[in-house]
Each structure stands twice: as C-alpha cells, then as structure tokens.
>>> print(open('work_23.tsv').read())   # TSV, C-alpha atoms
chain	number	residue	atom	x	y	z
Y	1455	MET	CA	60.57	-24.03	-43.56
Y	1456	GLY	CA	62.84	-26.07	-41.26
Y	1457	ARG	CA	63.05	-26.19	-37.52
Y	1458	LYS	CA	64.19	-23.09	-35.65
Y	1459	PHE	CA	67.71	-23.44	-34.30
Y	1460	LEU	CA	67.86	-20.61	-31.75
Y	1461	ASP	CA	71.00	-19.05	-30.40
Y	1462	THR	CA	70.86	-17.65	-26.86
Y	1463	CYS	CA	69.79	-14.12	-27.73
Y	1464	SER	CA	66.94	-15.36	-29.94
Y	1465	LEU	CA	65.76	-17.71	-27.19
Y	1466	LEU	CA	65.70	-14.78	-24.75
Y	1467	GLU	CA	63.73	-12.75	-27.29
Y	1468	LEU	CA	61.12	-15.51	-27.54
Y	1469	ALA	CA	61.24	-16.31	-23.84
Y	1470	ASN	CA	57.70	-15.18	-23.03
Y	1471	SER	CA	56.23	-16.29	-26.33
Y	1472	SER	CA	54.02	-19.23	-27.19
Y	1473	ASP	CA	56.49	-19.85	-30.06
Y	1474	ILE	CA	58.62	-22.01	-27.77
Y	1475	ASN	CA	57.53	-25.60	-28.29
Y	1476	ALA	CA	59.28	-28.93	-28.55
Y	1477	ASN	CA	58.16	-29.64	-32.11
Y	1478	ASP	CA	59.53	-26.43	-33.60
Y	1479	ILE	CA	62.86	-25.47	-32.00
Y	1480	CYS	CA	66.25	-26.90	-31.12
Y	1481	LEU	CA	69.14	-25.47	-29.12
Y	1482	SER	CA	72.84	-25.89	-28.57
Y	1483	SER	CA	74.07	-27.11	-25.18
Y	1484	ILE	CA	76.09	-23.88	-25.02
Y	1485	THR	CA	72.81	-21.96	-24.78
Y	1486	LEU	CA	71.82	-23.90	-21.65
Y	1487	GLN	CA	75.17	-23.03	-20.06
Y	1488	GLU	CA	74.73	-19.37	-20.97
Y	1489	LEU	CA	71.23	-19.29	-19.50
Y	1490	GLU	CA	72.55	-20.56	-16.18
Y	1491	ASN	CA	75.37	-18.02	-16.22
Y	1492	ILE	CA	72.98	-15.15	-17.00
Y	1493	LYS	CA	70.73	-16.06	-14.06
Y	1494	THR	CA	73.59	-15.75	-11.56
Y	1495	SER	CA	75.77	-13.11	-13.20
Y	1496	ALA	CA	76.37	-9.88	-11.32
Y	1497	ASN	CA	77.16	-8.14	-14.62
Y	1498	LYS	CA	73.75	-8.70	-16.25
Y	1499	ASP	CA	70.88	-6.24	-15.84
Y	1500	SER	CA	67.61	-7.29	-14.22
Y	1501	GLU	CA	65.77	-7.36	-17.55
Y	1502	THR	CA	68.20	-9.88	-19.09
Y	1503	LYS	CA	68.08	-12.01	-15.93
Y	1504	TYR	CA	64.31	-11.96	-16.07
Y	1505	ARG	CA	64.34	-13.11	-19.68
Y	1506	ALA	CA	66.66	-15.96	-18.73
Y	1507	ARG	CA	64.37	-17.12	-15.92
Y	1508	VAL	CA	61.36	-17.05	-18.22
Y	1509	ALA	CA	63.29	-18.98	-20.86
Y	1510	VAL	CA	64.24	-21.65	-18.32
Y	1511	ARG	CA	60.60	-22.01	-17.27
Y	1512	ALA	CA	59.56	-22.30	-20.92
Y	1513	LEU	CA	62.10	-25.08	-21.45
Y	1514	LYS	CA	60.85	-26.89	-18.35
Y	1515	ASP	CA	57.37	-26.76	-19.84
Y	1516	ASN	CA	58.78	-28.25	-23.05
Y	1517	PRO	CA	61.17	-31.00	-21.86
Y	1518	ASP	CA	61.33	-32.59	-25.32
Y	1519	VAL	CA	63.09	-29.62	-26.94
Y	1520	GLU	CA	66.08	-31.13	-28.76
Y	1521	ILE	CA	69.46	-30.10	-27.35
Y	1522	ILE	CA	72.49	-30.44	-29.64
Y	1523	VAL	CA	75.52	-31.18	-27.46
Y	1524	VAL	CA	78.68	-29.40	-28.63
Y	1525	ASN	CA	81.51	-31.86	-29.29
Y	1526	LYS	CA	85.04	-32.08	-30.72
Y	1527	ASP	CA	83.72	-32.03	-34.27
Y	1528	ASP	CA	82.43	-28.50	-33.68
Y	1529	HIS	CA	85.83	-27.38	-32.32
Y	1530	ASN	CA	87.59	-28.96	-35.29
Y	1531	CYS	CA	85.16	-27.30	-37.70
Y	1532	LEU	CA	86.02	-23.88	-36.28
Y	1533	ASP	CA	89.73	-24.66	-36.50
Y	1534	ASP	CA	89.34	-25.66	-40.16
Y	1535	LYS	CA	87.60	-22.38	-40.91
Y	1536	GLU	CA	90.17	-20.44	-38.85
Y	1537	LEU	CA	87.46	-19.08	-36.58
Y	1538	GLU	CA	87.98	-18.30	-32.91
Y	1539	ILE	CA	86.63	-20.79	-30.36
Y	1540	THR	CA	83.85	-18.71	-28.74
Y	1541	ASN	CA	80.43	-19.62	-27.43
Y	1542	ASP	CA	78.73	-17.88	-30.36
Y	1543	ASN	CA	80.86	-19.70	-32.91
Y	1544	LEU	CA	80.36	-23.04	-31.18
Y	1545	ILE	CA	76.59	-22.53	-31.31
Y	1546	ILE	CA	76.83	-21.82	-35.04
Y	1547	ALA	CA	79.10	-24.85	-35.58
Y	1548	SER	CA	76.69	-27.15	-33.74
Y	1549	ALA	CA	73.83	-25.75	-35.81
Y	1550	TYR	CA	75.83	-26.43	-38.97
Y	1551	ARG	CA	76.53	-30.03	-37.92
Y	1552	TYR	CA	72.85	-30.54	-37.12
Y	1553	SER	CA	71.88	-29.05	-40.50
Y	1554	GLN	CA	73.75	-31.82	-42.34
Y	1555	GLU	CA	70.91	-34.20	-41.47
Y	1556	HIS	CA	68.02	-31.84	-40.69
Y	1557	ASP	CA	66.34	-28.88	-42.37
Y	1558	ILE	CA	66.84	-25.83	-40.12
Y	1559	VAL	CA	66.79	-22.05	-40.07
Y	1560	PHE	CA	69.35	-20.46	-37.76
Y	1561	TYR	CA	67.93	-17.63	-35.63
Y	1562	THR	CA	70.07	-14.94	-34.04
Y	1563	GLU	CA	69.64	-11.30	-33.03
Y	1564	ASP	CA	73.40	-10.69	-33.36
Y	1565	LEU	CA	74.38	-9.25	-36.75
Y	1566	LEU	CA	77.90	-10.71	-36.59
Y	1567	CYS	CA	76.56	-14.18	-35.72
Y	1568	GLY	CA	74.17	-13.94	-38.63
Y	1569	PHE	CA	77.02	-12.91	-40.94
Y	1570	ILE	CA	79.21	-15.82	-39.84
Y	1571	ALA	CA	76.36	-18.33	-40.08
Y	1572	LYS	CA	75.56	-17.22	-43.64
Y	1573	ASN	CA	79.01	-16.62	-45.07
Y	1574	TYR	CA	81.14	-19.26	-43.34
Y	1575	PHE	CA	78.58	-22.05	-42.95
Y	1576	GLY	CA	75.97	-21.35	-45.61
Y	1577	LEU	CA	73.12	-21.39	-43.10
Y	1578	GLU	CA	69.89	-19.47	-43.61
Y	1579	ALA	CA	69.95	-16.91	-40.80
Y	1580	GLN	CA	67.01	-14.88	-39.59
Y	1581	SER	CA	65.89	-12.79	-36.62
Y	1582	VAL	CA	62.86	-13.66	-34.50
Y	1583	LYS	CA	62.02	-9.97	-34.43
Y	1584	THR	CA	59.81	-8.60	-37.14
Y	1585	ASP	CA	58.51	-5.16	-38.00
Y	1586	ASP	CA	55.68	-6.61	-40.07
Y	1587	LYS	CA	52.49	-5.74	-38.20
Y	1588	SER	CA	50.12	-6.40	-41.07
Y	1589	ASP	CA	48.96	-9.70	-39.62
Y	1590	MET	CA	48.40	-8.42	-36.09
Y	1591	TYR	CA	44.85	-8.77	-34.81
Y	1592	LYS	CA	43.16	-5.36	-34.84
Y	1593	GLY	CA	39.68	-6.30	-33.65
Y	1594	TYR	CA	38.25	-5.69	-37.10
Y	1595	LYS	CA	38.76	-6.68	-40.71
Y	1596	VAL	CA	38.11	-4.76	-43.93
Y	1597	VAL	CA	36.14	-6.63	-46.62
Y	1598	ILE	CA	34.85	-5.92	-50.12
Y	1599	PRO	CA	31.90	-8.31	-50.48
Y	1600	THR	CA	30.08	-9.21	-53.66
Y	1601	ASP	CA	26.42	-8.23	-54.04
Y	1602	GLU	CA	25.44	-11.79	-53.21
Y	1603	GLU	CA	27.59	-11.81	-50.05
Y	1604	LEU	CA	26.17	-8.44	-49.03
Y	1605	ALA	CA	22.65	-9.79	-49.34
Y	1606	GLN	CA	23.58	-12.70	-47.07
Y	1607	VAL	CA	25.00	-10.35	-44.46
Y	1608	TYR	CA	21.78	-8.36	-44.19
Y	1609	ASP	CA	19.50	-11.41	-44.40
Y	1610	LYS	CA	17.89	-11.62	-40.93
Y	1611	ASP	CA	17.42	-15.38	-41.29
Y	1612	ASN	CA	21.07	-15.97	-42.20
Y	1613	CYS	CA	23.40	-16.59	-39.26
Y	1614	TYR	CA	26.40	-17.75	-41.31
Y	1615	ASN	CA	29.77	-16.27	-40.32
Y	1616	LEU	CA	30.54	-15.22	-43.88
Y	1617	PHE	CA	33.81	-13.41	-43.17
Y	1618	GLY	CA	35.21	-15.85	-40.59
Y	1619	CYS	CA	35.13	-13.37	-37.71
Y	1620	ASN	CA	35.88	-13.94	-34.06
Y	1621	ILE	CA	32.99	-13.23	-31.72
Y	1622	ASN	CA	32.71	-9.44	-31.26
Y	1623	GLU	CA	35.08	-8.79	-34.15
Y	1624	TYR	CA	34.05	-5.94	-36.44
Y	1625	VAL	CA	33.72	-5.94	-40.21
Y	1626	VAL	CA	34.33	-2.75	-42.17
Y	1627	ILE	CA	32.44	-3.11	-45.46
Y	1628	ASN	CA	33.82	-1.21	-48.43
Y	1629	ASP	CA	32.63	-1.11	-52.02
Y	1630	SER	CA	34.71	-2.20	-55.00
Y	1631	GLU	CA	36.38	1.22	-55.14
Y	1632	GLY	CA	37.36	1.14	-51.48
Y	1633	ASN	CA	34.69	3.56	-50.28
Y	1634	PHE	CA	33.23	2.95	-46.82
Y	1635	CYS	CA	29.72	1.49	-46.77
Y	1636	ASP	CA	29.03	0.09	-43.30
Y	1637	VAL	CA	30.55	-1.45	-40.18
Y	1638	LEU	CA	29.04	-4.45	-38.38
Y	1639	ARG	CA	29.90	-6.65	-35.39
Y	1640	TRP	CA	29.74	-10.45	-35.47
Y	1641	THR	CA	27.94	-11.53	-32.30
Y	1642	GLY	CA	28.33	-15.25	-32.82
Y	1643	THR	CA	24.88	-15.54	-34.37
Y	1644	LYS	CA	24.57	-12.51	-36.65
Y	1645	TYR	CA	26.21	-9.36	-37.99
Y	1646	ALA	CA	24.81	-6.61	-35.75
Y	1647	ASN	CA	24.60	-2.89	-36.39
Y	1648	VAL	CA	27.26	-0.79	-34.68
Y	1649	PHE	CA	26.50	2.07	-32.29
Y	1650	ASN	CA	26.35	5.41	-34.12
Y	1651	LYS	CA	24.64	7.84	-31.76
Y	1652	VAL	CA	25.62	10.97	-29.91
Y	1653	ILE	CA	26.49	10.55	-26.23
Y	1654	LYS	CA	25.74	13.42	-23.88
Y	1655	THR	CA	26.92	13.45	-20.27
Y	1656	LEU	CA	26.87	15.92	-17.42
Y	1657	ALA	CA	30.52	15.12	-16.83
Y	1658	PHE	CA	31.65	16.22	-20.28
Y	1659	GLY	CA	28.83	18.58	-21.21
Y	1660	ASP	CA	29.24	18.59	-24.95
Y	1661	LYS	CA	27.67	15.93	-27.12
Y	1662	ILE	CA	30.29	13.36	-27.99
Y	1663	LYS	CA	30.18	11.46	-31.25
Y	1664	ALA	CA	32.73	9.13	-32.79
Y	1665	LYS	CA	35.16	10.92	-35.11
Y	1666	ASP	CA	35.75	7.85	-37.30
Y	1667	ILE	CA	34.64	4.23	-37.72
Y	1668	TYR	CA	37.32	3.01	-35.28
Y	1669	GLN	CA	35.97	5.22	-32.50
Y	1670	ARG	CA	32.48	3.95	-33.37
Y	1671	MET	CA	33.70	0.40	-32.80
Y	1672	VAL	CA	35.20	1.39	-29.43
Y	1673	MET	CA	32.00	3.01	-28.21
Y	1674	ASP	CA	29.95	0.06	-29.44
Y	1675	SER	CA	32.24	-2.43	-27.70
Y	1676	ILE	CA	32.24	-0.58	-24.37
Y	1677	LEU	CA	28.46	-0.27	-24.35
Y	1678	ASN	CA	27.78	-3.86	-25.46
Y	1679	ASN	CA	30.61	-6.04	-24.17
Y	1680	THR	CA	31.52	-6.96	-20.61
Y	1681	MET	CA	35.16	-6.21	-21.31
Y	1682	THR	CA	36.74	-3.98	-23.93
Y	1683	CYS	CA	40.42	-3.55	-24.74
Y	1684	ILE	CA	41.52	-0.48	-26.71
Y	1685	SER	CA	44.93	0.25	-28.20
Y	1686	GLY	CA	46.06	3.22	-30.21
Y	1687	LYS	CA	48.60	5.99	-30.46
Y	1688	ALA	CA	48.64	9.10	-28.30
Y	1689	GLY	CA	45.77	11.37	-29.33
Y	1690	SER	CA	43.64	8.62	-30.89
Y	1691	GLY	CA	40.93	8.95	-28.23
Y	1692	LYS	CA	41.51	5.93	-25.98
Y	1693	SER	CA	41.09	7.61	-22.61
Y	1694	LEU	CA	38.45	10.14	-23.69
Y	1695	LEU	CA	36.18	7.47	-25.19
Y	1696	SER	CA	36.69	5.25	-22.14
Y	1697	LEU	CA	35.77	8.01	-19.69
Y	1698	VAL	CA	32.87	9.36	-21.76
Y	1699	CYS	CA	31.25	5.92	-22.09
Y	1700	ALA	CA	31.91	5.08	-18.43
Y	1701	MET	CA	30.35	8.32	-17.15
Y	1702	TYR	CA	27.43	7.89	-19.58
Y	1703	LEU	CA	26.69	4.45	-18.10
Y	1704	ILE	CA	27.04	5.76	-14.54
Y	1705	GLU	CA	24.81	8.79	-15.11
Y	1706	ASN	CA	22.15	6.53	-16.66
Y	1707	GLY	CA	22.11	4.26	-13.63
Y	1708	LYS	CA	23.71	1.23	-15.24
Y	1709	TYR	CA	26.66	1.33	-12.84
Y	1710	ASP	CA	27.44	3.20	-9.62
Y	1711	SER	CA	31.06	4.20	-9.94
Y	1712	LEU	CA	34.32	4.03	-11.88
Y	1713	VAL	CA	37.36	2.32	-10.35
Y	1714	ILE	CA	40.56	3.42	-12.07
Y	1715	LEU	CA	43.59	1.15	-11.72
Y	1716	PHE	CA	46.92	2.63	-12.80
Y	1717	ASN	CA	50.56	1.69	-12.63
Y	1718	PRO	CA	52.57	4.77	-11.54
Y	1719	CYS	CA	55.44	3.98	-13.89
Y	1720	PRO	CA	57.78	6.87	-14.83
Y	1721	VAL	CA	57.96	7.79	-18.50
Y	1722	ARG	CA	60.80	6.00	-20.29
Y	1723	GLY	CA	63.86	8.24	-20.51
Y	1724	ALA	CA	62.53	10.78	-18.00
Y	1725	THR	CA	64.11	11.59	-14.64
Y	1726	GLN	CA	61.98	11.01	-11.57
Y	1727	MET	CA	61.28	13.99	-9.30
Y	1728	GLY	CA	61.31	12.00	-6.09
Y	1729	TYR	CA	58.46	11.41	-3.67
Y	1730	TYR	CA	55.22	13.39	-3.91
Y	1731	GLN	CA	53.70	14.81	-0.74
Y	1732	GLY	CA	50.16	14.29	0.48
Y	1733	SER	CA	47.61	11.49	0.65
Y	1734	LEU	CA	47.32	8.61	-1.80
Y	1735	ILE	CA	44.81	10.64	-3.83
Y	1736	ASP	CA	47.05	13.71	-3.80
Y	1737	LYS	CA	49.96	11.65	-5.05
Y	1738	ALA	CA	47.81	10.04	-7.74
Y	1739	MET	CA	46.58	13.43	-8.93
Y	1740	GLN	CA	50.17	14.61	-9.30
Y	1741	SER	CA	51.04	11.61	-11.47
Y	1742	ASN	CA	50.17	10.60	-15.04
Y	1743	ILE	CA	46.63	9.53	-14.18
Y	1744	GLY	CA	45.95	12.92	-12.57
Y	1745	ASN	CA	47.09	14.68	-15.73
Y	1746	VAL	CA	44.80	12.49	-17.84
Y	1747	LEU	CA	41.73	13.09	-15.68
Y	1748	ILE	CA	42.25	16.83	-15.33
Y	1749	THR	CA	42.73	17.16	-19.09
Y	1750	LYS	CA	39.63	15.15	-19.96
Y	1751	PHE	CA	37.27	16.54	-17.30
Y	1752	GLY	CA	38.45	20.11	-17.74
Y	1753	ASP	CA	39.84	21.00	-14.32
Y	1754	ARG	CA	41.01	19.59	-10.99
Y	1755	PHE	CA	37.86	20.71	-9.16
Y	1756	ALA	CA	35.61	18.51	-11.32
Y	1757	VAL	CA	37.79	15.47	-10.73
Y	1758	ASP	CA	38.02	16.09	-6.97
Y	1759	ASN	CA	34.24	16.46	-6.84
Y	1760	TYR	CA	33.66	13.06	-8.50
Y	1761	ILE	CA	36.19	11.47	-6.15
Y	1762	ALA	CA	34.47	13.04	-3.11
Y	1763	GLN	CA	31.09	11.74	-4.32
Y	1764	GLY	CA	32.52	8.25	-4.72
Y	1765	LYS	CA	31.84	8.25	-8.46
Y	1766	ILE	CA	35.55	7.85	-9.21
Y	1767	LYS	CA	38.05	5.87	-7.17
Y	1768	LEU	CA	41.79	5.92	-7.94
Y	1769	ILE	CA	43.81	2.84	-6.96
Y	1770	PRO	CA	47.48	2.27	-7.82
Y	1771	MET	CA	48.13	-1.32	-8.87
Y	1772	THR	CA	50.42	-1.72	-5.87
Y	1773	GLU	CA	47.28	-1.60	-3.70
Y	1774	CYS	CA	44.95	-3.82	-5.75
Y	1775	ARG	CA	45.56	-7.18	-4.10
Y	1776	GLY	CA	42.56	-8.19	-1.97
Y	1777	MET	CA	40.11	-5.69	-3.44
Y	1778	GLU	CA	36.95	-6.63	-5.35
Y	1779	ILE	CA	35.30	-4.87	-8.29
Y	1780	ARG	CA	31.63	-5.45	-7.51
Y	1781	ASP	CA	28.77	-5.94	-9.97
Y	1782	ASN	CA	27.76	-2.27	-9.96
Y	1783	LYS	CA	31.20	-0.90	-10.84
Y	1784	ILE	CA	33.24	-0.21	-13.95
Y	1785	LEU	CA	36.92	-1.11	-13.82
Y	1786	TYR	CA	39.11	1.11	-15.98
Y	1787	ILE	CA	42.76	0.06	-16.40
Y	1788	THR	CA	44.62	2.92	-18.03
Y	1789	GLU	CA	48.05	2.87	-19.71
Y	1790	ALA	CA	47.84	-0.91	-19.61
Y	1791	GLU	CA	50.88	-1.19	-21.89
Y	1792	ASN	CA	52.82	-0.75	-18.63
Y	1793	THR	CA	51.73	-4.04	-17.05
Y	1794	THR	CA	53.22	-7.50	-16.87
Y	1795	VAL	CA	51.12	-10.61	-17.42
Y	1796	ASP	CA	51.13	-11.37	-13.69
Y	1797	LEU	CA	50.10	-7.83	-12.77
Y	1798	MET	CA	47.26	-7.83	-15.29
Y	1799	LYS	CA	46.11	-11.20	-14.01
Y	1800	ILE	CA	45.99	-9.90	-10.44
Y	1801	CYS	CA	43.99	-6.83	-11.51
Y	1802	LEU	CA	41.43	-8.69	-13.62
Y	1803	SER	CA	40.95	-11.48	-11.08
Y	1804	ARG	CA	39.36	-8.83	-8.82
Y	1805	VAL	CA	36.36	-8.45	-11.15
Y	1806	SER	CA	32.88	-9.74	-10.25
Y	1807	SER	CA	30.65	-11.23	-12.94
Y	1808	GLY	CA	28.38	-8.17	-13.25
Y	1809	ALA	CA	31.10	-5.53	-13.51
Y	1810	LYS	CA	32.27	-3.90	-16.73
Y	1811	VAL	CA	35.95	-3.65	-17.67
Y	1812	ILE	CA	37.79	-1.20	-19.93
Y	1813	VAL	CA	41.50	-1.70	-20.64
Y	1814	GLU	CA	43.41	0.77	-22.77
Y	1815	GLY	CA	46.98	1.49	-23.73
Y	1816	ASP	CA	49.50	2.31	-26.42
Y	1817	PHE	CA	52.06	-0.35	-27.27
Y	1818	GLU	CA	54.34	2.37	-28.66
Y	1819	GLN	CA	54.52	4.13	-25.26
Y	1820	VAL	CA	55.84	1.24	-23.18
Y	1821	ASP	CA	57.95	2.78	-20.39
Y	1822	SER	CA	60.11	-0.22	-19.45
Y	1823	LYS	CA	61.86	-2.87	-21.51
Y	1824	LEU	CA	60.36	-5.39	-19.08
Y	1825	PHE	CA	56.92	-4.71	-20.59
Y	1826	ASP	CA	58.33	-5.26	-24.09
Y	1827	ILE	CA	58.93	-8.92	-23.33
Y	1828	ASN	CA	56.20	-9.52	-20.73
Y	1829	ASN	CA	53.19	-7.42	-21.64
Y	1830	GLY	CA	49.92	-7.95	-19.80
Y	1831	MET	CA	47.75	-6.05	-22.26
Y	1832	ALA	CA	49.10	-7.98	-25.26
Y	1833	ARG	CA	48.48	-11.24	-23.43
Y	1834	VAL	CA	44.89	-10.26	-22.64
Y	1835	ILE	CA	44.21	-9.63	-26.33
Y	1836	GLU	CA	45.88	-12.89	-27.30
Y	1837	ILE	CA	43.99	-15.05	-24.79
Y	1838	LEU	CA	40.53	-13.42	-24.70
Y	1839	THR	CA	40.00	-12.81	-28.42
Y	1840	GLY	CA	36.97	-14.82	-29.50
Y	1841	GLU	CA	35.37	-14.97	-26.03
Y	1842	ASP	CA	31.79	-13.71	-25.97
Y	1843	VAL	CA	32.52	-11.26	-23.11
Y	1844	PHE	CA	35.45	-9.59	-24.85
Y	1845	GLY	CA	35.95	-7.00	-27.55
Y	1846	TYR	CA	39.07	-5.31	-28.86
Y	1847	VAL	CA	39.65	-2.36	-31.19
Y	1848	GLN	CA	42.91	-0.88	-32.43
Y	1849	LEU	CA	42.36	2.82	-33.11
Y	1850	GLN	CA	44.09	4.10	-36.25
Y	1851	ASN	CA	43.83	7.89	-36.39
Y	1852	ILE	CA	45.33	10.67	-34.26
Y	1853	TRP	CA	42.81	13.44	-33.57
Y	1854	ARG	CA	44.58	15.57	-30.96
Y	1855	SER	CA	46.39	17.96	-33.30
Y	1856	LYS	CA	48.42	18.25	-36.47
Y	1857	ILE	CA	51.58	18.42	-34.35
Y	1858	ALA	CA	50.65	15.19	-32.55
Y	1859	THR	CA	50.15	13.55	-35.94
Y	1860	LEU	CA	53.48	14.82	-37.29
Y	1861	VAL	CA	55.59	13.87	-34.26
Y	1862	ASP	CA	54.31	10.31	-34.56
Y	1863	LYS	CA	56.81	10.05	-37.41
Y	1864	LEU	CA	59.77	10.76	-35.08
>>> encode(input="work_23.tsv", output="structure tokens")
Amino acid sequence: MGRKFLDTCSLLELANSSDINANDICLSSITLQELENIKTSANKDSETKYRARVAVRALKDNPDVEIIVVNKDDHNCLDDKELEITNDNLIIASAYRYSQEHDIVFYTEDLLCGFIAKNYFGLEAQSVKTDDKSDMYKGYKVVIPTDEELAQVYDKDNCYNLFGCNINEYVVINDSEGNFCDVLRWTGTKYANVFNKVIKTLAFGDKIKAKDIYQRMVMDSILNNTMTCISGKAGSGKSLLSLVCAMYLIENGKYDSLVILFNPCPVRGATQMGYYQGSLIDKAMQSNIGNVLITKFGDRFAVDNYIAQGKIKLIPMTECRGMEIRDNKILYITEAENTTVDLMKICLSRVSSGAKVIVEGDFEQVDSKLFDINNGMARVIEILTGEDVFGYVQLQNIWRSKIATLVDKL
C-alpha cells in the first residue's frame, strides 16, 4: 500500500493518533492553511479547534512530513476537468499530481471528496475511520492448541511463551470443537492458573463468583496486578467486580481504603439540571457516581457509613491535583471513558508504588466528542500493555437483564 495522502478532515481524525509520522503520510499545502484558519475561526466549535491544535503539534513533532505545494498545474487540471476551484478540489488535484510519480492512497472523511477523487482522478480513496474491531487488543486471546502444545503449557519446567502473549495477557484454551477447556495468564515466566474462587464480603453480603470467563479474568487481574483496566458494555459487571474486589482486599487488611476518582460529566444528549446543593459529598452522591454506589451497595445509608468510616473517599477529578494515593489505598477511576489523556495522566501520577489501581469504563458510553479523539483510558491500554504491573480485560457479556442485552442493539 502507498503513502497516505490525507485531506484536512482525515488529518483531524488522526490528530491524536500515533499514525501520524513522517515516513507514512503527505499533505497538501492547502491543509496547512486550513489548519491555521480553523484555529482562529469564530465559526468552528471547540472540538474542531482542539483537533486542529493537536494536529499542528503532531506535525511539529514530525517536521519531515512531505508537503505538496499547490501550484498552477493543479488549477489548470481542475479547469480541464470542469471542476470548481475549491480547497477540497485543489487538495485532490495536488494528490493526483503527486500520484503520477508516487504510490499513494487518498484519505478523506468527506463522501463527495472521495467520489471526486475516485471518479474524476482515478485515485484510490479511503477513510481513516474503521468499524473493524477484530484486531483490537482485548487483554486475552482464544487458542486451540494441539495436544503437544497443551503439554508444553502445563509443563512446570517450560517457561516458553507459546502463544506470544503480552505479560499479564490471558489465554482462553478451547478444544478442536470450540468448547472451553481452561483460561491461563502469562506472567512473563509461565502460564499461571486464573482465580476461580468465591469472594465473600461484609459490604456485599452474598458470595460473589464470576459469571463467565471474562469476569474471572477481571477478578484475577485485580487481585494479582498492581493496576487493572476493565472495559465493557453497560451491565457487563465492570463496577460491581471492581467494588467487590476492592472491598474484599480492604476487609482482609490488604489495603485501608478506597479512593474513587470520577469526572462529573453529564450524559451525552441529556439536559443538565443545574447546580446541586450541599457539600462536595452531597453533590457527588447526587451525580452518576452516587447512583453507581447506591445501586451496588444496596442503599444510601451503607455508602454514607463507609464514607464516614473513611473506607471510601469520593474525589471529583477537578480536585485531584496535589493529592497522593498512598501505599495502603486502592485508587478506583470509574467511567474512565470520559477522560482525556492529560486528565488521566494527572490522576495516575498521584499513585504511590504500593497502591493498587482499578480503571474501568465503556468506550460506547463516551459523553463528549472530545473523548472520542483524546481518550485517556484508550491511551492507558495502548501504552501500558505488556508492563508487568498492568492487566487489561475487555468484558464481553451483559448480565444485567434481557432488556439491557436487547437495547445494546439500538
């Protein structure tokens, strides 16, 4: 595949991505002009301006990106094809001229631009967006090993990474017919057994056991790793498993308390009710995090009691600068899909070496377009995967109710 010739909208789409590098992309000089105009335009929304600023920074970090300067040949080309002289068409014309000597793929998020590039100039046109999530890292891989490979996995003297796993990545072992056999975690030196016990806490009363292999992985990661990241759809068990495991560790004397960091971001599409009355805790308990805690612990009294005892501390992310998560505490960042990279960095930089960290969220419940292009939780997974302190699991099943499962199709 040739180099990526990005139009302005595709560059903005990739603005916060590691895909921007000097060896892979090229741009028209029109795009640089448009970036500057977007930054200062009073008619552009804050999200688009943010994307433009990030794109400019990315280009500064990659000064060798090739810029194709639009010239008279591009204007003449449009005249010959009886196309209007617009910025979009000039970008396409400069891409076409560049393609005469170089192998390129033209990228645009504009359907009309893509149509013109294909049908008037014969360029291969694509979008940088993709709905293909099959290659996304899930924190585990499914394998069907041979008998010989299976013997190697369970050989105590064999420390070979047979399935090419990242450290703390899980392996779901199926037989040749696709039936589940076992799940193991690669520690860096061996394939270890995965937690499969019942957890009982005073906080939740009932004995809690994983409902599927994905929840088993989550519980295993929280109990064994310094930091665990969990993603999954609403009703998959992210917050319940996080709270159950955290309270289990606290009740057993491993840690003293749970510090919950949350971003009080309104639900996308919902109308805000204005300011809440009361103290910081009162306001927190009237927000999303209050609803989560009351639902999981059973009632408001139980939550208030844990807060009064100092077992649970609620801190909005607006107040996190300057604090420290000490060695005897568990940091729980909830609804982390609603964080930027900078915000996540500030939160995690508060953590002492002996603390435990749980980060959970649902990428399908992002409440601002800003987090679509600058997502702190996604960046954490990208950067920390393979580190010996980090584990990640993507939950797959919805357990809340049949309705919750059905509305996921909306």
>>> closest_residue(input="work_23.tsv", among="Y:Met1681, Y:Leu1577, Y:Leu1734, Y:Val1805", to="Y:Asp1842", atoms="all atoms listed in the file")
Y:Met1681
>>> residues_around(input="work_23.tsv", residues="Y:Leu1849", least_positions_apart="6", cutoff="10 Å", atoms="all atoms listed in the file", output="list of chain:residue names")
Y:Lys1592, Y:Gly1593, Y:Asp1666, Y:Ile1667, Y:Tyr1668, Y:Gln1669, Y:Arg1670, Y:Met1671, Y:Val1672, Y:Ile1684, Y:Ser1685, Y:Gly1686, Y:Lys1687, Y:Gly1689, Y:Ser1690, Y:Gly1691, Y:Lys1692, Y:Asp1816
>>> write_last_selection(input="work_23.tsv", atoms="C-alpha atoms", output="compact mmCIF listing (two decimals), keeping the file's coordinate frame")
# COMPACT_ATOMS: atom_id res chain seq x y z
CA LYS Y 1592 43.16 -5.36 -34.84
CA GLY Y 1593 39.68 -6.30 -33.65
CA ASP Y 1666 35.75 7.85 -37.30
CA ILE Y 1667 34.64 4.23 -37.72
CA TYR Y 1668 37.32 3.01 -35.28
CA GLN Y 1669 35.97 5.22 -32.50
CA ARG Y 1670 32.48 3.95 -33.37
CA MET Y 1671 33.70 0.40 -32.80
CA VAL Y 1672 35.20 1.39 -29.43
CA ILE Y 1684 41.52 -0.48 -26.71
CA SER Y 1685 44.93 0.25 -28.20
CA GLY Y 1686 46.06 3.22 -30.21
CA LYS Y 1687 48.60 5.99 -30.46
CA GLY Y 1689 45.77 11.37 -29.33
CA SER Y 1690 43.64 8.62 -30.89
CA GLY Y 1691 40.93 8.95 -28.23
CA LYS Y 1692 41.51 5.93 -25.98
CA ASP Y 1816 49.50 2.31 -26.42
>>> atom_distance(input="work_23.tsv", atom1="atom CA of Y:Ile1492", atom2="atom CA of Y:Lys1583")
21.2 Å
>>> residues_around(input="work_23.tsv", residues="Y:Phe1634", least_positions_apart="5", cutoff="12 Å", atoms="all atoms listed in the file", output="list in words")
Val1596, Val1597, Ile1598, Pro1599, Val1625, Val1626, Ile1627, Asn1628, Asp1629, Asp1666 and Ile1667 of chain Y
>>> closest_atom_pairs(input="work_23.tsv", of="stretch 1665-1698 of chain Y", to="stretch 1646-1657 of chain Y", cutoff="9 Å", atoms="only C-alpha atoms", output="Markdown table")
| residue | atom | partner | partner_atom | distance |
| --- | --- | --- | --- | --- |
| Y:Arg1670 | CA | Y:Asn1650 | CA | 6.3 |
| Y:Met1671 | CA | Y:Val1648 | CA | 6.8 |
| Y:Met1673 | CA | Y:Phe1649 | CA | 6.9 |
| Y:Asp1674 | CA | Y:Phe1649 | CA | 4.9 |
| Y:Ser1675 | CA | Y:Phe1649 | CA | 8.6 |
| Y:Leu1677 | CA | Y:Phe1649 | CA | 8.5 |
| Y:Val1698 | CA | Y:Thr1655 | CA | 7.4 |
>>> atom_distance(input="work_23.tsv", atom1="atom CA of Y:Glu1705", atom2="atom CA of Y:Thr1788")
20.9 Å
>>> atom_distance(input="work_23.tsv", atom1="atom CA of Y:Asn1742", atom2="atom CA of Y:Leu1768")
11.9 Å
>>> closest_residue(input="work_23.tsv", among="Y:Gln1606, Y:Ser1483, Y:Asn1782, Y:Asn1525", to="Y:Val1713", atoms="all atoms listed in the file")
Y:Asn1782
